[in-house]
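A.B. asks: My questions will all concern the structure given below.
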Amino acid sequence: MSAVVLQVGQGGNQLGLEWWRLLGRHKKRCPFSSRSGRLAAVCVDTEPKVLRGAREFVRKDSTLFPFSKLHPASIIEGKGGRGGNWAYGYHGGPGEGGRALLERTMEALRQEAERRDYYGGTVLLHSLGGGTGSGLGSRLCEQIRDEFPVGHILTVSVVPHQSGESPLQHYNTLLSLASLHRCADAVLMFYNDHALSRAGPQQRSGPPGSLSAVNAYMASCLAGLLLPVQSLTTRSGRSLGMEPWELIRSVCPVPSAKLIYTAQASSGERSHWDSLVSGTLQHLPQLSPAGTPYSSRGVLAVARGDKDNSFNTSNVLQRLRHGHRCVQWNPFPVDHWTDPVNELGISTSSRLLTVSSNHSSVSGFLGHVVQRAGEMLQARAYLHWYQRYRAEPEDFQQAVNTLLDIIQEYDSQ
């Protein structure tokens, strides 16, 4: 596989742990590993306790991943948290060696990139609401873009609950998204509220609604998109590991709009693909609060368990095109990949459909972030916490302007 997975902060490492556990259930060699069997991952957090799960992948007697191990040098830990503050995560604290954490992480990433047969880019897992995930994640994204200008950057960004996880989450989300928009090629967004409603028994990782079930649902969506598919394998049966970068090409036709919505549905062998399409469309917003229809610039559907090639012969692609209201200026708005085997299901004969869409409904979420952050800025709420770590009001205003530009871009499509 051409990608290196970079897990940042508590949210990113918890999601990453579920991701590796999911891949560890299968007998085949992990596609996100080198020929020597080492996992292509770097785990970083400012609190050592968060990384205890990652160390399970280093132990030789680990039952979590019996076929591949994580390199010990790929676990980077700091000496203290970041207080849920984007500026503290981005700049680090005065005199505490914050740059050392950044430099150690980049050195581990360089080593992992050198171990690849071909380095195509980085998949960054993090949360938008916390201090380390949002702040250090943003800084790492910028650094990776500077040091690997040709490599792709796909971020997997977890959006906090709208009801509120932290009083600073709107600031952190605002600043992080503005930074990611400048540096990343695509931002794969997972909303905690949406994942909570979708996580179910099929994830087999804790009771429905639990944190592990929510992370397992997100990990299943990631695996549905990024694991090798027959459509992208060579005639010799070798996967080139291009799935993350082909995803970007399929759903992000223009670089000014790169925020991706993802949904997944699964069923038994006899179920029709039409029913799975309905499942992926169930929670997709169709109209803005003003009554304006949302639309999509690009859609990618990944069908696993398509033994009889019925996916291509059905009217699924047409339904996806209409369900996502694809823009008229894109002549090929719906791309699809298929694989006869569903390695992620309870049985390999079950069916799994994962759909990603560059959907304009994200403008509603961005508007909410701008509104809430703007109200806090007007009241100067918590600003002194950010100024303590070298974030100024001008940084917030620049981030607001960036998100307003993104909203305008989506609303004008």
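Starting from 1 in every chain, residues are counted up; chains themselves are A, B, ... following the order of the structure tokens, and ligands are numbered from 1 as listed.
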Enumerate, as an MDAnalysis selection string, the complete set of residues in segment 65-275 of chain A that a backbone-based DSSP assignment places in helix (DSSP H, G or I).

C.D. replies: chainID A and resid 72:74 86:91 98:115 131:147 169:183 192:198 201:203 211:226 230:232 243:251 273:275

A.B. asks: Kindly indicate which residue among A:Ile407, A:Leu175, A:Ala381, A:Glu47 lies nearest to Glu394 of chain A, using only C-alpha atoms for the distances.

C.D. replies: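 Of all the options, A:Leu175 lies closest to Glu394 of chain A.
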
A.B. asks: Considering only C-alpha atoms, return as a list in words whatever protein or nucleic-acid residues lie within 6 Å of segment 350-359 of chain A, sequence-local ones (same chain, fewer than 5 positions apart) excluded.

C.D. replies: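 Result of the neighbour search: Gly224, Val251, Ile260, Tyr261, Thr262, Ala263, Gln264, Ala265, Ser266, Ser267, Gly268, Glu269, Ser295, Ser296, Arg297, Gly298, Val299, Leu300, Ala301, Val302, Ala303, Arg304, Gly305 and Gly345 of chain A.
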
A.B. asks: Taking C-alpha atoms for each residue, export the selection above as a tab-separated table (two decimals), in the first residue's frame.

C.D. replies:
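Contents of the output file result14.tsv:
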chain	number	residue	atom	x	y	z
A	224	GLY	CA	-15.00	-0.01	2.65
A	251	VAL	CA	-15.03	12.98	-5.71
A	260	ILE	CA	-16.50	14.57	1.67
A	261	TYR	CA	-19.60	12.94	3.17
A	262	THR	CA	-19.63	9.13	3.61
A	263	ALA	CA	-22.35	6.58	4.36
A	264	GLN	CA	-22.43	2.79	4.40
A	265	ALA	CA	-25.03	0.02	4.27
A	266	SER	CA	-24.69	-3.77	4.46
A	267	SER	CA	-26.95	-6.77	3.98
A	268	GLY	CA	-27.05	-10.50	3.28
A	269	GLU	CA	-26.21	-12.15	-0.01
A	295	SER	CA	-26.24	18.80	-4.89
A	296	SER	CA	-23.04	16.81	-5.33
A	297	ARG	CA	-19.96	17.43	-7.47
A	298	GLY	CA	-18.81	13.82	-7.41
A	299	VAL	CA	-19.90	10.47	-5.99
A	300	LEU	CA	-17.93	7.25	-5.48
A	301	ALA	CA	-19.69	3.96	-4.75
A	302	VAL	CA	-17.66	0.94	-3.59
A	303	ALA	CA	-19.57	-2.34	-3.80
A	304	ARG	CA	-18.11	-5.37	-2.03
A	305	GLY	CA	-19.64	-8.84	-2.40
A	345	GLY	CA	-18.77	-8.78	6.44

A.B. asks: Fewer than 5 positions away in the same chain doesn't count, so skip those; otherwise give me all residues within 10 Å of Glu409 of chain A, counting only C-alpha atoms, as a list in words.

C.D. replies: Ser256, Ala257, Ser360, Ser363, Leu403 and Leu404 of chain A

A.B. asks: Where in segment 128-345 of chain A does DSSP assign strand (DSSP E or B), given as a ChimeraX atom specification?

C.D. replies: /A:152-159,186-191,233,239,259-267,287,293,296-304,326,334-339

A.B. asks: Compare A:Pro160, A:Pro255, A:Gly279, A:Pro244 by their minimum atom-to-atom distance to His126 of chain A, counting only C-alpha atoms, and give me the closest one.

C.D. replies: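 Closest residue, counting only C-alpha atoms: A:Pro160.
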
A.B. asks: Which one is closest to Gly11 of chain A: A:Leu140, A:Leu125, A:Leu196, A:Cys326? Count only C-alpha atoms.

C.D. replies: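 Comparing A:Leu140, A:Leu125, A:Leu196, A:Cys326 against Gly11 of chain A, the winner is A:Leu125.
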
A.B. asks: Within 9 Å of Ile248 of chain A, counting only C-alpha atoms, which residues qualify if same-chain residues fewer than 4 places away don't, as an NGL selection string?

C.D. replies: :A and (152 or 154 or 185-186 or 243-244 or 252-253 or 258)
